[in-house]
>>> print(open('input.txt').read())   # compact mmCIF, C-alpha atoms and all ligand atoms
# COMPACT_ATOMS: atom_id res chain seq x y z
CA MET A 4 2.54 8.56 35.77
CA ALA A 5 0.77 7.21 32.71
CA ALA A 6 -0.27 3.58 32.69
CA CYS A 7 -0.46 1.11 29.78
CA GLU A 8 -4.02 0.96 28.40
CA GLU A 9 -3.66 -2.80 27.85
CA CYS A 10 -2.04 -4.16 31.01
CA GLY A 11 -1.97 -1.19 33.39
CA GLY A 12 1.82 -1.41 33.67
CA HIS A 13 3.85 1.73 34.29
CA ASP A 14 6.86 0.86 32.16
CA LEU A 15 5.97 3.08 29.18
CA ARG A 16 8.93 3.78 26.92
CA ARG A 17 9.21 6.49 24.31
CA LEU A 18 9.51 4.76 20.94
CA PRO A 19 12.58 6.09 19.10
CA GLY A 20 11.96 7.73 15.74
CA THR A 21 8.42 8.87 16.53
CA GLY A 22 9.27 12.28 17.96
CA GLY A 23 7.91 11.22 21.34
CA ALA A 24 4.42 10.68 19.89
CA VAL A 25 4.33 6.91 20.56
CA PHE A 26 5.02 4.91 23.71
CA GLU A 27 5.64 1.19 23.94
CA CYS A 28 4.77 -0.77 27.07
CA GLY A 29 7.83 -2.56 28.45
CA LEU A 30 5.62 -5.32 29.87
CA CYS A 31 3.14 -6.24 27.13
CA GLY A 32 4.46 -4.32 24.11
CA ALA A 33 1.21 -2.38 23.58
CA LEU A 34 1.58 0.93 21.74
CA SER A 35 -0.06 4.11 22.93
CA GLY A 36 -0.01 7.81 22.13
CA ASP A 37 -1.10 9.82 19.11
CA ASP A 38 -3.52 7.63 17.10
CA ALA A 39 -2.16 8.52 13.67
CA ALA A 40 1.44 8.01 14.82
CA VAL A 41 0.55 4.68 16.46
CA SER A 42 -1.09 3.42 13.29
CA ARG A 43 1.95 4.50 11.25
CA VAL A 44 4.19 2.44 13.57
CA ARG A 45 1.81 -0.56 13.33
CA ASP A 46 1.79 -0.32 9.52
CA ALA A 47 5.57 -0.06 9.36
CA ARG A 48 5.92 -3.17 11.57
CA GLU A 49 3.32 -5.08 9.58
CA ALA A 50 5.08 -4.12 6.35
CA ALA A 51 8.46 -5.24 7.74
CA ALA A 52 6.98 -8.54 8.94
CA ARG A 53 5.70 -9.17 5.40
CA GLY A 54 9.00 -8.08 3.86
CA MET A 55 7.42 -5.06 2.19
CA ASP A 56 8.56 -1.44 1.95
CA SER A 57 6.57 0.89 4.17
CA ALA A 58 6.50 3.32 1.21
CA LEU A 59 4.06 1.09 -0.64
CA TYR A 60 2.23 -0.42 2.30
CA GLU A 61 -0.54 2.15 2.10
CA LEU A 62 -1.34 0.88 -1.40
CA VAL A 63 -1.11 -2.74 -0.22
CA LYS A 64 -3.62 -1.98 2.53
CA ALA A 65 -5.93 -0.10 0.16
CA LEU A 66 -5.93 -3.11 -2.20
CA GLU A 67 -6.41 -5.65 0.58
CA GLY A 68 -9.25 -3.55 1.98
CA ILE A 69 -11.21 -4.99 -0.96
CA ARG A 70 -12.62 -8.30 0.17
CA GLY A 71 -10.84 -11.31 -1.35
CA VAL A 72 -8.03 -9.24 -2.84
CA ARG A 73 -4.58 -10.23 -1.67
CA VAL A 74 -1.17 -8.72 -2.40
CA VAL A 75 1.17 -11.69 -2.70
CA ARG A 76 4.33 -9.74 -3.37
CA ALA A 77 5.20 -6.06 -3.56
CA ASP A 78 8.36 -4.15 -4.22
CA GLY A 79 8.56 -0.42 -3.58
CA GLY A 80 11.36 0.01 -6.10
CA SER A 81 14.81 1.45 -5.56
CA ALA A 82 16.22 4.67 -6.99
CA THR A 83 19.74 3.30 -6.41
CA ASP A 84 19.11 0.12 -8.41
CA GLY A 85 16.77 1.76 -10.89
CA ALA A 86 14.14 -0.84 -9.95
CA LEU A 87 10.55 0.29 -10.45
CA PRO A 88 7.79 -0.45 -7.95
CA VAL A 89 5.65 -3.49 -8.69
CA VAL A 90 2.69 -5.03 -6.89
CA PHE A 91 1.44 -8.61 -7.48
CA VAL A 92 -2.28 -8.92 -6.83
CA ALA A 93 -4.33 -12.10 -6.52
CA VAL A 94 -8.13 -12.15 -6.66
CA PRO A 95 -10.59 -15.03 -6.23
CA HIS A 96 -11.29 -16.83 -9.52
CA THR A 97 -14.91 -15.80 -9.44
CA ALA A 98 -17.11 -13.28 -11.22
CA GLU A 99 -16.78 -11.05 -8.16
CA GLY A 100 -12.98 -11.33 -8.31
CA ILE A 101 -13.01 -10.23 -11.95
CA SER A 102 -15.35 -7.35 -11.06
CA ASP A 103 -12.89 -6.27 -8.38
CA LEU A 104 -10.10 -6.21 -10.95
CA GLU A 105 -12.31 -4.13 -13.21
CA ARG A 106 -12.94 -1.67 -10.38
CA ILE A 107 -9.25 -1.46 -9.53
CA ALA A 108 -8.41 -0.85 -13.20
CA GLN A 109 -11.15 1.79 -13.41
CA SER A 110 -9.77 3.52 -10.32
CA ILE A 111 -6.30 3.62 -11.93
CA VAL A 112 -7.77 5.12 -15.11
CA LEU A 113 -9.62 7.80 -13.11
CA ALA A 114 -6.44 8.65 -11.18
CA ARG A 115 -4.45 9.04 -14.40
CA PRO A 116 -4.46 12.90 -14.44
CA ARG A 117 -2.84 12.90 -10.99
CA LEU A 118 -0.30 10.16 -11.76
CA GLN A 119 3.26 10.71 -12.99
CA PHE A 120 3.06 7.64 -15.23
CA PRO A 121 0.34 5.46 -16.70
CA TRP A 122 -0.06 2.32 -14.55
CA MET A 123 -0.96 -1.04 -16.01
CA LEU A 124 -2.58 -4.17 -14.67
CA GLU A 125 -1.03 -7.10 -16.52
CA VAL A 126 -1.80 -10.78 -16.28
CA ASP A 127 0.99 -13.04 -15.11
CA VAL A 128 1.13 -16.73 -14.24
CA GLN A 129 3.37 -17.91 -11.41
CA GLN A 130 1.91 -21.16 -10.03
CA ARG A 131 -1.36 -19.24 -10.10
CA LEU A 132 -2.92 -16.35 -11.93
CA LEU A 133 -1.55 -13.01 -10.74
CA PHE A 134 -2.11 -9.44 -11.77
CA LEU A 135 0.88 -7.16 -11.92
CA LEU A 136 0.38 -3.52 -11.13
CA SER A 137 3.30 -1.47 -12.45
CA PRO A 138 4.08 1.89 -14.07
CA ARG A 139 4.64 2.08 -17.80
CA LEU A 140 7.50 4.42 -18.62
CA PRO A 141 7.57 6.17 -21.97
CA ALA A 142 10.86 5.64 -23.82
CA ASP A 143 12.97 8.75 -23.36
CA GLY A 144 16.71 8.60 -22.88
CA GLN A 145 16.78 12.14 -21.49
CA ARG A 146 15.27 11.22 -18.16
CA SER A 147 17.18 9.82 -15.23
CA ARG A 148 16.18 6.34 -14.12
CA ALA A 149 16.55 7.24 -10.43
CA ASP A 150 14.22 10.19 -10.94
CA ASP A 151 11.68 7.93 -12.71
CA VAL A 152 11.74 5.56 -9.74
CA LYS A 153 11.10 8.41 -7.29
CA ARG A 154 8.19 9.68 -9.38
CA ALA A 155 6.76 6.15 -9.65
CA GLN A 156 7.02 5.90 -5.85
CA GLN A 157 4.95 9.10 -5.51
CA ASP A 158 2.36 7.35 -7.68
CA LEU A 159 2.10 4.55 -5.08
CA VAL A 160 0.68 7.06 -2.60
CA THR A 161 -1.60 8.68 -5.21
CA LEU A 162 -2.96 5.24 -6.17
CA ALA A 163 -3.58 4.31 -2.54
CA HIS A 164 -5.59 7.51 -2.01
CA ALA A 165 -7.50 7.02 -5.28
CA LEU A 166 -8.47 3.44 -4.36
CA ARG A 167 -9.55 4.44 -0.88
CA ARG A 168 -11.69 7.29 -2.21
CA ASP A 169 -13.21 5.31 -5.09
CA ARG A 170 -14.26 2.46 -2.82
CA SER A 171 -16.58 4.85 -1.01
CA LEU A 172 -18.18 6.11 -4.26
CA ALA A 173 -21.43 4.86 -5.74
CA TRP A 174 -19.94 3.46 -8.96
CA TRP A 175 -17.74 1.08 -6.96
CA SER A 176 -20.62 -0.81 -5.43
CA ALA A 177 -22.96 -0.50 -8.43
CA PRO A 178 -23.93 -3.94 -9.77
CA ARG A 179 -21.87 -5.18 -12.72
CA ARG A 180 -23.30 -6.67 -15.83
ZN ZN B 1 1.19 -3.05 28.79
>>> encode(input="input.txt", output="structure tokens")
Amino acid sequence: MAACEECGGHDLRRLPGTGGAVFECGLCGALSGDDAAVSRVRDAREAAARGMDSALYELVKALEGIRGVRVVRADGGSATDGALPVVFVAVPHTAEGISDLERIAQSIVLARPRLQFPWMLEVDVQQRLLFLLSPRLPADGQRSRADDVKRAQQDLVTLAHALRRDRSLAWWSAPRR
């Protein structure tokens, strides 16, 4: 019988909703099993603990992978309510913080051909300076709002991948003027 990698206990339980790919230790709560599946469960729990949708958590993590960058609030949007996704980003009030914003904005511009909508970084003040990342929808009464929300939600994943990729490219770490 398999033992928990953390505590050696033998009370491993199949975690529901993971297709049997993840086990949870009944003694210490440690997760084991398929690495990718385990990290998906961890992300989903982290997202829930922070009150964020797991749909946009990949983007939140990609943004917070940049040192000093913090996502203070994020909403994955809702097709039912017609609410679009929005992410509130805070950066340190330093030259480096501004450079990070510039890099994030540049990454969004480069991802544009793969995005359903143009995304904007807007400045907002709520007790402190925040930067709002949100899709800009062209005015067109023919489209359905619910469909727009779903397409904007696809963009969340595209943006997360773009940020992750760009951070490993030379231009990201090139010195700024
Ligand atoms: Zn254990």
>>> atom_distance(input="input.txt", atom1="atom CA of Phe120 of chain A", atom2="atom CA of Gly71 of chain A")
27.3 Å
>>> closest_atom_pairs(input="input.txt", of="chain A", to="ligand ZN 1 (chain B)", cutoff="7 Å", atoms="all atoms listed in the file", output="JSON lines")
{"residue": "A:Cys7", "atom": "CA", "partner": "B:ZN1", "partner_atom": "ZN", "distance": 4.6}
{"residue": "A:Glu8", "atom": "CA", "partner": "B:ZN1", "partner_atom": "ZN", "distance": 6.6}
{"residue": "A:Glu9", "atom": "CA", "partner": "B:ZN1", "partner_atom": "ZN", "distance": 4.9}
{"residue": "A:Cys10", "atom": "CA", "partner": "B:ZN1", "partner_atom": "ZN", "distance": 4.1}
{"residue": "A:Gly11", "atom": "CA", "partner": "B:ZN1", "partner_atom": "ZN", "distance": 5.9}
{"residue": "A:Gly12", "atom": "CA", "partner": "B:ZN1", "partner_atom": "ZN", "distance": 5.2}
{"residue": "A:Cys28", "atom": "CA", "partner": "B:ZN1", "partner_atom": "ZN", "distance": 4.6}
{"residue": "A:Gly29", "atom": "CA", "partner": "B:ZN1", "partner_atom": "ZN", "distance": 6.7}
{"residue": "A:Leu30", "atom": "CA", "partner": "B:ZN1", "partner_atom": "ZN", "distance": 5.1}
{"residue": "A:Cys31", "atom": "CA", "partner": "B:ZN1", "partner_atom": "ZN", "distance": 4.1}
{"residue": "A:Gly32", "atom": "CA", "partner": "B:ZN1", "partner_atom": "ZN", "distance": 5.8}
{"residue": "A:Ala33", "atom": "CA", "partner": "B:ZN1", "partner_atom": "ZN", "distance": 5.3}
>>> closest_residue(input="input.txt", among="A:Ala6, A:His164, A:Arg48, A:Gly20", to="Ser35 of chain A", atoms="only C-alpha atoms")
A:Ala6
>>> closest_residue(input="input.txt", among="A:Leu159, A:Leu172, A:Ala50, A:Leu18", to="Asp37 of chain A", atoms="only C-alpha atoms")
A:Leu18
>>> residues_near_point(input="input.txt", point="(6.5, -9.1, -5.4)", cutoff="12 Å", atoms="all atoms listed in the file", output="short mmCIF file (atom, residue, chain, number, x, y, z; two decimals) with C-alpha atoms, keeping the file's coordinate frame")
data_model
loop_
_atom_site.label_atom_id
_atom_site.label_comp_id
_atom_site.auth_asym_id
_atom_site.auth_seq_id
_atom_site.Cartn_x
_atom_site.Cartn_y
_atom_site.Cartn_z
CA ARG A 53 5.70 -9.17 5.40
CA GLY A 54 9.00 -8.08 3.86
CA MET A 55 7.42 -5.06 2.19
CA ASP A 56 8.56 -1.44 1.95
CA LEU A 59 4.06 1.09 -0.64
CA VAL A 63 -1.11 -2.74 -0.22
CA ARG A 73 -4.58 -10.23 -1.67
CA VAL A 74 -1.17 -8.72 -2.40
CA VAL A 75 1.17 -11.69 -2.70
CA ARG A 76 4.33 -9.74 -3.37
CA ALA A 77 5.20 -6.06 -3.56
CA ASP A 78 8.36 -4.15 -4.22
CA GLY A 79 8.56 -0.42 -3.58
CA GLY A 80 11.36 0.01 -6.10
CA LEU A 87 10.55 0.29 -10.45
CA PRO A 88 7.79 -0.45 -7.95
CA VAL A 89 5.65 -3.49 -8.69
CA VAL A 90 2.69 -5.03 -6.89
CA PHE A 91 1.44 -8.61 -7.48
CA VAL A 92 -2.28 -8.92 -6.83
CA ALA A 93 -4.33 -12.10 -6.52
CA ASP A 127 0.99 -13.04 -15.11
CA GLN A 129 3.37 -17.91 -11.41
CA LEU A 133 -1.55 -13.01 -10.74
CA PHE A 134 -2.11 -9.44 -11.77
CA LEU A 135 0.88 -7.16 -11.92
CA LEU A 136 0.38 -3.52 -11.13
CA SER A 137 3.30 -1.47 -12.45
#
>>> atom_distance(input="input.txt", atom1="atom CA of Ala24 of chain A", atom2="atom CA of Gly36 of chain A")
5.7 Å
>>> closest_atom_pairs(input="input.txt", of="segment 70-113 of chain A", to="segment 147-154 of chain A", cutoff="7 Å", atoms="only C-alpha atoms", output="JSON lines")
{"residue": "A:Gly80", "atom": "CA", "partner": "A:Val152", "partner_atom": "CA", "distance": 6.6}
{"residue": "A:Ser81", "atom": "CA", "partner": "A:Val152", "partner_atom": "CA", "distance": 6.6}
{"residue": "A:Ala82", "atom": "CA", "partner": "A:Ala149", "partner_atom": "CA", "distance": 4.3}
{"residue": "A:Thr83", "atom": "CA", "partner": "A:Ala149", "partner_atom": "CA", "distance": 6.5}
{"residue": "A:Gly85", "atom": "CA", "partner": "A:Ala149", "partner_atom": "CA", "distance": 5.5}
{"residue": "A:Ala86", "atom": "CA", "partner": "A:Val152", "partner_atom": "CA", "distance": 6.8}
{"residue": "A:Leu87", "atom": "CA", "partner": "A:Val152", "partner_atom": "CA", "distance": 5.4}
>>> residues_near_point(input="input.txt", point="(1.4, 5.2, 19.1)", cutoff="8 Å", atoms="all atoms listed in the file", output="PyMOL selection string")
chain A and resi 24-27+34-44
>>> build_atoms(input="input.txt", residues="segment 91-127 of chain A", atoms="N, CA and C atoms", output="PDB file, in the coordinates of the input")
ATOM      1  N   PHE A  91       2.090  -7.406  -6.946  1.00  0.00           N
ATOM      2  CA  PHE A  91       1.440  -8.610  -7.480  1.00  0.00           C
ATOM      3  C   PHE A  91       0.145  -8.860  -6.718  1.00  0.00           C
ATOM      4  N   VAL A  92      -0.966  -8.805  -7.445  1.00  0.00           N
ATOM      5  CA  VAL A  92      -2.280  -8.920  -6.830  1.00  0.00           C
ATOM      6  C   VAL A  92      -2.932 -10.239  -7.214  1.00  0.00           C
ATOM      7  N   ALA A  93      -3.540 -10.901  -6.235  1.00  0.00           N
ATOM      8  CA  ALA A  93      -4.330 -12.100  -6.520  1.00  0.00           C
ATOM      9  C   ALA A  93      -5.785 -11.813  -6.146  1.00  0.00           C
ATOM     10  N   VAL A  94      -6.705 -12.282  -6.983  1.00  0.00           N
ATOM     11  CA  VAL A  94      -8.130 -12.150  -6.660  1.00  0.00           C
ATOM     12  C   VAL A  94      -8.769 -13.530  -6.765  1.00  0.00           C
ATOM     13  N   PRO A  95      -9.906 -13.729  -6.102  1.00  0.00           N
ATOM     14  CA  PRO A  95     -10.590 -15.030  -6.230  1.00  0.00           C
ATOM     15  C   PRO A  95     -10.989 -15.258  -7.689  1.00  0.00           C
ATOM     16  N   HIS A  96     -10.929 -16.530  -8.137  1.00  0.00           N
ATOM     17  CA  HIS A  96     -11.290 -16.830  -9.520  1.00  0.00           C
ATOM     18  C   HIS A  96     -12.809 -16.954  -9.648  1.00  0.00           C
ATOM     19  N   THR A  97     -13.451 -15.842  -9.396  1.00  0.00           N
ATOM     20  CA  THR A  97     -14.910 -15.800  -9.440  1.00  0.00           C
ATOM     21  C   THR A  97     -15.323 -14.554 -10.202  1.00  0.00           C
ATOM     22  N   ALA A  98     -16.604 -14.464 -10.524  1.00  0.00           N
ATOM     23  CA  ALA A  98     -17.110 -13.280 -11.220  1.00  0.00           C
ATOM     24  C   ALA A  98     -16.853 -12.039 -10.373  1.00  0.00           C
ATOM     25  N   GLU A  99     -17.012 -12.197  -9.057  1.00  0.00           N
ATOM     26  CA  GLU A  99     -16.780 -11.050  -8.160  1.00  0.00           C
ATOM     27  C   GLU A  99     -15.306 -10.636  -8.185  1.00  0.00           C
ATOM     28  N   GLY A 100     -14.420 -11.619  -8.236  1.00  0.00           N
ATOM     29  CA  GLY A 100     -12.980 -11.330  -8.310  1.00  0.00           C
ATOM     30  C   GLY A 100     -12.639 -10.540  -9.563  1.00  0.00           C
ATOM     31  N   ILE A 101     -13.240 -10.943 -10.679  1.00  0.00           N
ATOM     32  CA  ILE A 101     -13.010 -10.230 -11.950  1.00  0.00           C
ATOM     33  C   ILE A 101     -13.582  -8.818 -11.869  1.00  0.00           C
ATOM     34  N   SER A 102     -14.749  -8.678 -11.239  1.00  0.00           N
ATOM     35  CA  SER A 102     -15.350  -7.350 -11.060  1.00  0.00           C
ATOM     36  C   SER A 102     -14.440  -6.461 -10.218  1.00  0.00           C
ATOM     37  N   ASP A 103     -13.814  -7.047  -9.214  1.00  0.00           N
ATOM     38  CA  ASP A 103     -12.890  -6.270  -8.380  1.00  0.00           C
ATOM     39  C   ASP A 103     -11.709  -5.763  -9.206  1.00  0.00           C
ATOM     40  N   LEU A 104     -11.197  -6.633 -10.072  1.00  0.00           N
ATOM     41  CA  LEU A 104     -10.100  -6.210 -10.950  1.00  0.00           C
ATOM     42  C   LEU A 104     -10.536  -5.058 -11.830  1.00  0.00           C
ATOM     43  N   GLU A 105     -11.759  -5.171 -12.339  1.00  0.00           N
ATOM     44  CA  GLU A 105     -12.310  -4.130 -13.210  1.00  0.00           C
ATOM     45  C   GLU A 105     -12.393  -2.810 -12.450  1.00  0.00           C
ATOM     46  N   ARG A 106     -12.829  -2.885 -11.196  1.00  0.00           N
ATOM     47  CA  ARG A 106     -12.940  -1.670 -10.380  1.00  0.00           C
ATOM     48  C   ARG A 106     -11.563  -1.074 -10.103  1.00  0.00           C
ATOM     49  N   ILE A 107     -10.609  -1.937  -9.796  1.00  0.00           N
ATOM     50  CA  ILE A 107      -9.250  -1.460  -9.530  1.00  0.00           C
ATOM     51  C   ILE A 107      -8.699  -0.772 -10.788  1.00  0.00           C
ATOM     52  N   ALA A 108      -8.892  -1.420 -11.943  1.00  0.00           N
ATOM     53  CA  ALA A 108      -8.410  -0.850 -13.200  1.00  0.00           C
ATOM     54  C   ALA A 108      -9.087   0.484 -13.480  1.00  0.00           C
ATOM     55  N   GLN A 109     -10.384   0.555 -13.193  1.00  0.00           N
ATOM     56  CA  GLN A 109     -11.150   1.790 -13.410  1.00  0.00           C
ATOM     57  C   GLN A 109     -10.614   2.901 -12.502  1.00  0.00           C
ATOM     58  N   SER A 110     -10.304   2.556 -11.283  1.00  0.00           N
ATOM     59  CA  SER A 110      -9.770   3.520 -10.320  1.00  0.00           C
ATOM     60  C   SER A 110      -8.428   4.074 -10.819  1.00  0.00           C
ATOM     61  N   ILE A 111      -7.609   3.194 -11.399  1.00  0.00           N
ATOM     62  CA  ILE A 111      -6.300   3.620 -11.930  1.00  0.00           C
ATOM     63  C   ILE A 111      -6.504   4.573 -13.101  1.00  0.00           C
ATOM     64  N   VAL A 112      -7.481   4.253 -13.960  1.00  0.00           N
ATOM     65  CA  VAL A 112      -7.770   5.120 -15.110  1.00  0.00           C
ATOM     66  C   VAL A 112      -8.226   6.500 -14.634  1.00  0.00           C
ATOM     67  N   LEU A 113      -9.104   6.525 -13.620  1.00  0.00           N
ATOM     68  CA  LEU A 113      -9.620   7.800 -13.110  1.00  0.00           C
ATOM     69  C   LEU A 113      -8.520   8.633 -12.439  1.00  0.00           C
ATOM     70  N   ALA A 114      -7.522   7.950 -11.877  1.00  0.00           N
ATOM     71  CA  ALA A 114      -6.440   8.650 -11.180  1.00  0.00           C
ATOM     72  C   ALA A 114      -5.381   9.164 -12.153  1.00  0.00           C
ATOM     73  N   ARG A 115      -5.490   8.735 -13.407  1.00  0.00           N
ATOM     74  CA  ARG A 115      -4.450   9.040 -14.400  1.00  0.00           C
ATOM     75  C   ARG A 115      -3.992  10.502 -14.427  1.00  0.00           C
ATOM     76  N   PRO A 116      -4.918  11.507 -14.388  1.00  0.00           N
ATOM     77  CA  PRO A 116      -4.460  12.900 -14.440  1.00  0.00           C
ATOM     78  C   PRO A 116      -3.554  13.282 -13.266  1.00  0.00           C
ATOM     79  N   ARG A 117      -3.660  12.559 -12.162  1.00  0.00           N
ATOM     80  CA  ARG A 117      -2.840  12.900 -10.990  1.00  0.00           C
ATOM     81  C   ARG A 117      -1.584  12.026 -10.894  1.00  0.00           C
ATOM     82  N   LEU A 118      -1.451  11.077 -11.807  1.00  0.00           N
ATOM     83  CA  LEU A 118      -0.300  10.160 -11.760  1.00  0.00           C
ATOM     84  C   LEU A 118       0.851  10.670 -12.624  1.00  0.00           C
ATOM     85  N   GLN A 119       2.066  10.334 -12.226  1.00  0.00           N
ATOM     86  CA  GLN A 119       3.260  10.710 -12.990  1.00  0.00           C
ATOM     87  C   GLN A 119       3.393   9.836 -14.244  1.00  0.00           C
ATOM     88  N   PHE A 120       2.970   8.584 -14.118  1.00  0.00           N
ATOM     89  CA  PHE A 120       3.060   7.640 -15.230  1.00  0.00           C
ATOM     90  C   PHE A 120       1.737   6.899 -15.381  1.00  0.00           C
ATOM     91  N   PRO A 121       1.486   6.373 -16.594  1.00  0.00           N
ATOM     92  CA  PRO A 121       0.340   5.460 -16.700  1.00  0.00           C
ATOM     93  C   PRO A 121       0.694   4.166 -15.967  1.00  0.00           C
ATOM     94  N   TRP A 122      -0.278   3.604 -15.229  1.00  0.00           N
ATOM     95  CA  TRP A 122      -0.060   2.320 -14.550  1.00  0.00           C
ATOM     96  C   TRP A 122      -0.883   1.261 -15.226  1.00  0.00           C
ATOM     97  N   MET A 123      -0.307   0.052 -15.306  1.00  0.00           N
ATOM     98  CA  MET A 123      -0.960  -1.040 -16.010  1.00  0.00           C
ATOM     99  C   MET A 123      -1.225  -2.200 -15.062  1.00  0.00           C
ATOM    100  N   LEU A 124      -2.320  -2.898 -15.346  1.00  0.00           N
ATOM    101  CA  LEU A 124      -2.580  -4.170 -14.670  1.00  0.00           C
ATOM    102  C   LEU A 124      -2.347  -5.245 -15.728  1.00  0.00           C
ATOM    103  N   GLU A 125      -1.329  -6.065 -15.545  1.00  0.00           N
ATOM    104  CA  GLU A 125      -1.030  -7.100 -16.520  1.00  0.00           C
ATOM    105  C   GLU A 125      -1.246  -8.478 -15.903  1.00  0.00           C
ATOM    106  N   VAL A 126      -1.597  -9.414 -16.765  1.00  0.00           N
ATOM    107  CA  VAL A 126      -1.800 -10.780 -16.280  1.00  0.00           C
ATOM    108  C   VAL A 126      -0.479 -11.521 -16.275  1.00  0.00           C
ATOM    109  N   ASP A 127      -0.228 -12.266 -15.214  1.00  0.00           N
ATOM    110  CA  ASP A 127       0.990 -13.040 -15.110  1.00  0.00           C
ATOM    111  C   ASP A 127       0.631 -14.395 -14.492  1.00  0.00           C
TER     112      ASP A 127
END
